[in-house]
Amino acid sequence: MKTSTRLWLDTALFVVVFLLLQLVTTLVLMAFYPDFTTNATALALSAAASSVLTIIVFAALRWSPFSRSYIRSRPWAVLAWVFVLALGTIVPSEWFTELIGVDLGETEKNLFRQLFSSPWGYVAVGLLVPLAEEMVFRGALLRVLLVLGIRWTASRAVGTKDQLALRAAGKQAIGVWGPIVVSALVFGLIHGNLAQGIHAFFIGLLLGWLYWRTDSIVPGVVFHWVNNSVAYALTRIYPWAEDMTLVELCGGSRMLVGLYVLFSLMLFLPALYQLHLRLRRPSILSD
């Protein structure tokens, strides 16, 4: 079997295994909890158990290689800017989904309402899910897609000199953003609904860029943790506001919504620029 074919099959395998682990965990817990969809403990256990199993499987099989080298480089300033970047995406993303008229369905809202009503829900969604999903969609899926993308781009080069020049340019070639977009699309689709899917797609682009520039899932885990933690905290602090739009939360003032979006962009854009300056240029992925 050609190497490229095997790699494409690997990408499909990663997604299938991820979904199967979630399905099996859900079915097992439904057998113990007849009221599964309205039981906060059962929902939290399902999310936590599937995440733990995912982490174990992807680490044990080295589908998502683990290394301490990035943390040993002490990237604290980078991670601080990732924190700011994540905060700056929340309001603009919500504003955009409302602008195009996309909202969570009542079924999804009820599930999140139950899940977030338990402190164990935060352990699952705030801590375990970010690590599990970054291992799958960046550490495994995007890692392999980047190898495929760079090989494809290299194969289009003419002559040894052109190939060497392309390799020197690294992952900034066209073989980089194709894989990042594909991984972001898959990340959006697995969320199962349009509202979350649109948000996950755009976030996936940022998470993919962070992975490409660092060869590590750590920045993505931090970003993912901030995003999920803010969602959990807002739901717990303002449960009465979960069905309200930004305009309704701002008392009907679109100008106030615009100011919130502007303030968020004042966090997002400087953070993005700082990360562009601070993140090291990625090394070439090995064959």
# chains A, B, ... in the order shown; residues from 1 in each chain; ligands from 1

$ select_by_dssp --residues "segment 96-207 of chain A" --states "alpha helix (DSSP H)" --output "PyMOL selection string"
chain A and resi 96-99+106-116+119-122+129-134+143-156+159-169+174-189+194-207

$ residues_around --residues "segment 144-150 of chain A" --least-positions-apart "2" --cutoff "6 Å" --atoms "only C-alpha atoms" --output "list in words"
Leu141, Leu142, Trp152, Thr153, Gly175, Val176 and Pro179 of chain A

$ closest_atom_pairs --of "segment 60-142 of chain A" --to "segment 213-234 of chain A" --cutoff "9 Å" --atoms "only C-alpha atoms" --output "JSON lines"
{"residue": "A:Phe66", "atom": "CA", "partner": "A:Ser216", "partner_atom": "CA", "distance": 8.8}
{"residue": "A:Ser67", "atom": "CA", "partner": "A:Ser216", "partner_atom": "CA", "distance": 8.3}
{"residue": "A:Ser69", "atom": "CA", "partner": "A:Ser216", "partner_atom": "CA", "distance": 9.0}
{"residue": "A:Tyr70", "atom": "CA", "partner": "A:Ser216", "partner_atom": "CA", "distance": 6.6}
{"residue": "A:Ile71", "atom": "CA", "partner": "A:Val218", "partner_atom": "CA", "distance": 8.0}
{"residue": "A:Val78", "atom": "CA", "partner": "A:Pro219", "partner_atom": "CA", "distance": 7.9}
{"residue": "A:Leu79", "atom": "CA", "partner": "A:Pro219", "partner_atom": "CA", "distance": 6.1}
{"residue": "A:Val82", "atom": "CA", "partner": "A:Phe223", "partner_atom": "CA", "distance": 6.0}
{"residue": "A:Phe83", "atom": "CA", "partner": "A:Phe223", "partner_atom": "CA", "distance": 6.0}
{"residue": "A:Val84", "atom": "CA", "partner": "A:Phe223", "partner_atom": "CA", "distance": 8.8}
{"residue": "A:Leu85", "atom": "CA", "partner": "A:Phe223", "partner_atom": "CA", "distance": 7.7}
{"residue": "A:Ala86", "atom": "CA", "partner": "A:Phe223", "partner_atom": "CA", "distance": 5.4}
{"residue": "A:Leu87", "atom": "CA", "partner": "A:Val226", "partner_atom": "CA", "distance": 7.1}
{"residue": "A:Thr89", "atom": "CA", "partner": "A:Asn227", "partner_atom": "CA", "distance": 8.5}
{"residue": "A:Ile90", "atom": "CA", "partner": "A:Asn227", "partner_atom": "CA", "distance": 7.2}
{"residue": "A:Phe116", "atom": "CA", "partner": "A:Tyr232", "partner_atom": "CA", "distance": 6.1}
{"residue": "A:Ser117", "atom": "CA", "partner": "A:Tyr232", "partner_atom": "CA", "distance": 9.0}
{"residue": "A:Gly121", "atom": "CA", "partner": "A:Tyr232", "partner_atom": "CA", "distance": 8.4}
{"residue": "A:Tyr122", "atom": "CA", "partner": "A:Tyr232", "partner_atom": "CA", "distance": 6.7}
{"residue": "A:Val125", "atom": "CA", "partner": "A:Asn228", "partner_atom": "CA", "distance": 6.5}
{"residue": "A:Gly126", "atom": "CA", "partner": "A:Ser229", "partner_atom": "CA", "distance": 5.1}
{"residue": "A:Leu127", "atom": "CA", "partner": "A:Trp225", "partner_atom": "CA", "distance": 6.4}
{"residue": "A:Leu128", "atom": "CA", "partner": "A:Trp225", "partner_atom": "CA", "distance": 8.9}
{"residue": "A:Val129", "atom": "CA", "partner": "A:Trp225", "partner_atom": "CA", "distance": 8.4}
{"residue": "A:Pro130", "atom": "CA", "partner": "A:His224", "partner_atom": "CA", "distance": 5.2}
{"residue": "A:Leu131", "atom": "CA", "partner": "A:Val221", "partner_atom": "CA", "distance": 5.6}
{"residue": "A:Ala132", "atom": "CA", "partner": "A:Val221", "partner_atom": "CA", "distance": 8.9}
{"residue": "A:Glu133", "atom": "CA", "partner": "A:Val221", "partner_atom": "CA", "distance": 8.5}
{"residue": "A:Glu134", "atom": "CA", "partner": "A:Ile217", "partner_atom": "CA", "distance": 6.1}
{"residue": "A:Met135", "atom": "CA", "partner": "A:Ile217", "partner_atom": "CA", "distance": 6.9}
{"residue": "A:Arg138", "atom": "CA", "partner": "A:Ile217", "partner_atom": "CA", "distance": 6.6}
{"residue": "A:Gly139", "atom": "CA", "partner": "A:Ile217", "partner_atom": "CA", "distance": 6.1}

$ residues_around --residues "segment 29-41 of chain A" --least-positions-apart "5" --cutoff "8 Å" --atoms "only C-alpha atoms" --output "VMD selection string"
chain A and resid 46 110 to 111 114 to 118 120 to 121

$ write_last_selection --atoms "all heavy atoms" --output "PDB file, in the first residue's frame"
ATOM      1  N   SER A  46     -20.383  10.631  30.900  1.00  0.00           N
ATOM      2  CA  SER A  46     -20.219  10.233  29.507  1.00  0.00           C
ATOM      3  C   SER A  46     -19.132  11.054  28.827  1.00  0.00           C
ATOM      4  O   SER A  46     -18.241  10.509  28.161  1.00  0.00           O
ATOM      5  CB  SER A  46     -21.544  10.397  28.758  1.00  0.00           C
ATOM      6  OG  SER A  46     -21.385  10.072  27.398  1.00  0.00           O
ATOM      7  N   ASN A 110     -30.907  21.959  25.959  1.00  0.00           N
ATOM      8  CA  ASN A 110     -31.264  21.192  27.151  1.00  0.00           C
ATOM      9  C   ASN A 110     -30.102  20.309  27.609  1.00  0.00           C
ATOM     10  O   ASN A 110     -29.854  20.181  28.812  1.00  0.00           O
ATOM     11  CB  ASN A 110     -32.500  20.337  26.878  1.00  0.00           C
ATOM     12  CG  ASN A 110     -33.757  21.166  26.774  1.00  0.00           C
ATOM     13  OD1 ASN A 110     -33.862  22.237  27.382  1.00  0.00           O
ATOM     14  ND2 ASN A 110     -34.724  20.697  26.003  1.00  0.00           N
ATOM     15  N   LEU A 111     -29.388  19.700  26.659  1.00  0.00           N
ATOM     16  CA  LEU A 111     -28.247  18.859  27.007  1.00  0.00           C
ATOM     17  C   LEU A 111     -27.161  19.675  27.699  1.00  0.00           C
ATOM     18  O   LEU A 111     -26.617  19.267  28.732  1.00  0.00           O
ATOM     19  CB  LEU A 111     -27.689  18.173  25.761  1.00  0.00           C
ATOM     20  CG  LEU A 111     -28.505  17.021  25.182  1.00  0.00           C
ATOM     21  CD1 LEU A 111     -27.906  16.554  23.861  1.00  0.00           C
ATOM     22  CD2 LEU A 111     -28.575  15.858  26.164  1.00  0.00           C
ATOM     23  N   GLN A 114     -28.222  20.744  31.221  1.00  0.00           N
ATOM     24  CA  GLN A 114     -28.050  19.676  32.203  1.00  0.00           C
ATOM     25  C   GLN A 114     -26.577  19.425  32.496  1.00  0.00           C
ATOM     26  O   GLN A 114     -26.163  19.304  33.654  1.00  0.00           O
ATOM     27  CB  GLN A 114     -28.691  18.383  31.670  1.00  0.00           C
ATOM     28  CG  GLN A 114     -30.208  18.427  31.580  1.00  0.00           C
ATOM     29  CD  GLN A 114     -30.860  18.621  32.936  1.00  0.00           C
ATOM     30  OE1 GLN A 114     -30.388  18.111  33.959  1.00  0.00           O
ATOM     31  NE2 GLN A 114     -31.941  19.378  32.960  1.00  0.00           N
ATOM     32  N   LEU A 115     -25.760  19.370  31.469  1.00  0.00           N
ATOM     33  CA  LEU A 115     -24.340  19.081  31.645  1.00  0.00           C
ATOM     34  C   LEU A 115     -23.654  20.158  32.476  1.00  0.00           C
ATOM     35  O   LEU A 115     -22.857  19.862  33.370  1.00  0.00           O
ATOM     36  CB  LEU A 115     -23.662  18.973  30.274  1.00  0.00           C
ATOM     37  CG  LEU A 115     -22.155  18.692  30.255  1.00  0.00           C
ATOM     38  CD1 LEU A 115     -21.836  17.377  30.962  1.00  0.00           C
ATOM     39  CD2 LEU A 115     -21.648  18.664  28.816  1.00  0.00           C
ATOM     40  N   PHE A 116     -23.966  21.417  32.205  1.00  0.00           N
ATOM     41  CA  PHE A 116     -23.304  22.521  32.897  1.00  0.00           C
ATOM     42  C   PHE A 116     -23.882  22.782  34.290  1.00  0.00           C
ATOM     43  O   PHE A 116     -23.353  23.600  35.031  1.00  0.00           O
ATOM     44  CB  PHE A 116     -23.412  23.805  32.068  1.00  0.00           C
ATOM     45  CG  PHE A 116     -22.529  23.809  30.846  1.00  0.00           C
ATOM     46  CD1 PHE A 116     -22.596  24.836  29.933  1.00  0.00           C
ATOM     47  CD2 PHE A 116     -21.636  22.767  30.602  1.00  0.00           C
ATOM     48  CE1 PHE A 116     -21.786  24.843  28.806  1.00  0.00           C
ATOM     49  CE2 PHE A 116     -20.830  22.767  29.481  1.00  0.00           C
ATOM     50  CZ  PHE A 116     -20.897  23.809  28.591  1.00  0.00           C
ATOM     51  N   SER A 117     -24.968  22.095  34.623  1.00  0.00           N
ATOM     52  CA  SER A 117     -25.550  22.289  35.957  1.00  0.00           C
ATOM     53  C   SER A 117     -24.755  21.562  37.036  1.00  0.00           C
ATOM     54  O   SER A 117     -24.969  21.775  38.219  1.00  0.00           O
ATOM     55  CB  SER A 117     -27.002  21.805  35.976  1.00  0.00           C
ATOM     56  OG  SER A 117     -27.068  20.388  35.815  1.00  0.00           O
ATOM     57  N   SER A 118     -23.828  20.693  36.623  1.00  0.00           N
ATOM     58  CA  SER A 118     -23.031  19.924  37.571  1.00  0.00           C
ATOM     59  C   SER A 118     -21.578  20.380  37.547  1.00  0.00           C
ATOM     60  O   SER A 118     -21.020  20.639  36.478  1.00  0.00           O
ATOM     61  CB  SER A 118     -23.093  18.434  37.205  1.00  0.00           C
ATOM     62  OG  SER A 118     -22.099  17.702  37.894  1.00  0.00           O
ATOM     63  N   TRP A 120     -19.163  18.519  37.976  1.00  0.00           N
ATOM     64  CA  TRP A 120     -18.453  17.485  37.218  1.00  0.00           C
ATOM     65  C   TRP A 120     -18.505  17.761  35.723  1.00  0.00           C
ATOM     66  O   TRP A 120     -17.676  17.281  34.955  1.00  0.00           O
ATOM     67  CB  TRP A 120     -19.043  16.115  37.531  1.00  0.00           C
ATOM     68  CG  TRP A 120     -18.759  15.669  38.925  1.00  0.00           C
ATOM     69  CD1 TRP A 120     -19.657  15.585  39.953  1.00  0.00           C
ATOM     70  CD2 TRP A 120     -17.504  15.280  39.455  1.00  0.00           C
ATOM     71  NE1 TRP A 120     -19.031  15.162  41.097  1.00  0.00           N
ATOM     72  CE2 TRP A 120     -17.691  14.966  40.822  1.00  0.00           C
ATOM     73  CE3 TRP A 120     -16.221  15.170  38.933  1.00  0.00           C
ATOM     74  CZ2 TRP A 120     -16.677  14.537  41.653  1.00  0.00           C
ATOM     75  CZ3 TRP A 120     -15.189  14.742  39.774  1.00  0.00           C
ATOM     76  CH2 TRP A 120     -15.424  14.427  41.101  1.00  0.00           C
ATOM     77  N   GLY A 121     -19.510  18.545  35.327  1.00  0.00           N
ATOM     78  CA  GLY A 121     -19.576  18.934  33.929  1.00  0.00           C
ATOM     79  C   GLY A 121     -18.373  19.765  33.520  1.00  0.00           C
ATOM     80  O   GLY A 121     -17.897  19.661  32.385  1.00  0.00           O
TER      81      GLY A 121
END

$ atom_distance --atom1 "atom CA of Leu185 of chain A" --atom2 "atom CA of Phe263 of chain A"
27.8 Å

$ atom_distance --atom1 "atom CA of Val15 of chain A" --atom2 "atom CA of Phe58 of chain A"
11.2 Å

$ closest_residue --among "A:Ala124, A:Val257, A:Leu21, A:Val182" --to "Leu45 of chain A" --atoms "only C-alpha atoms"
A:Ala124
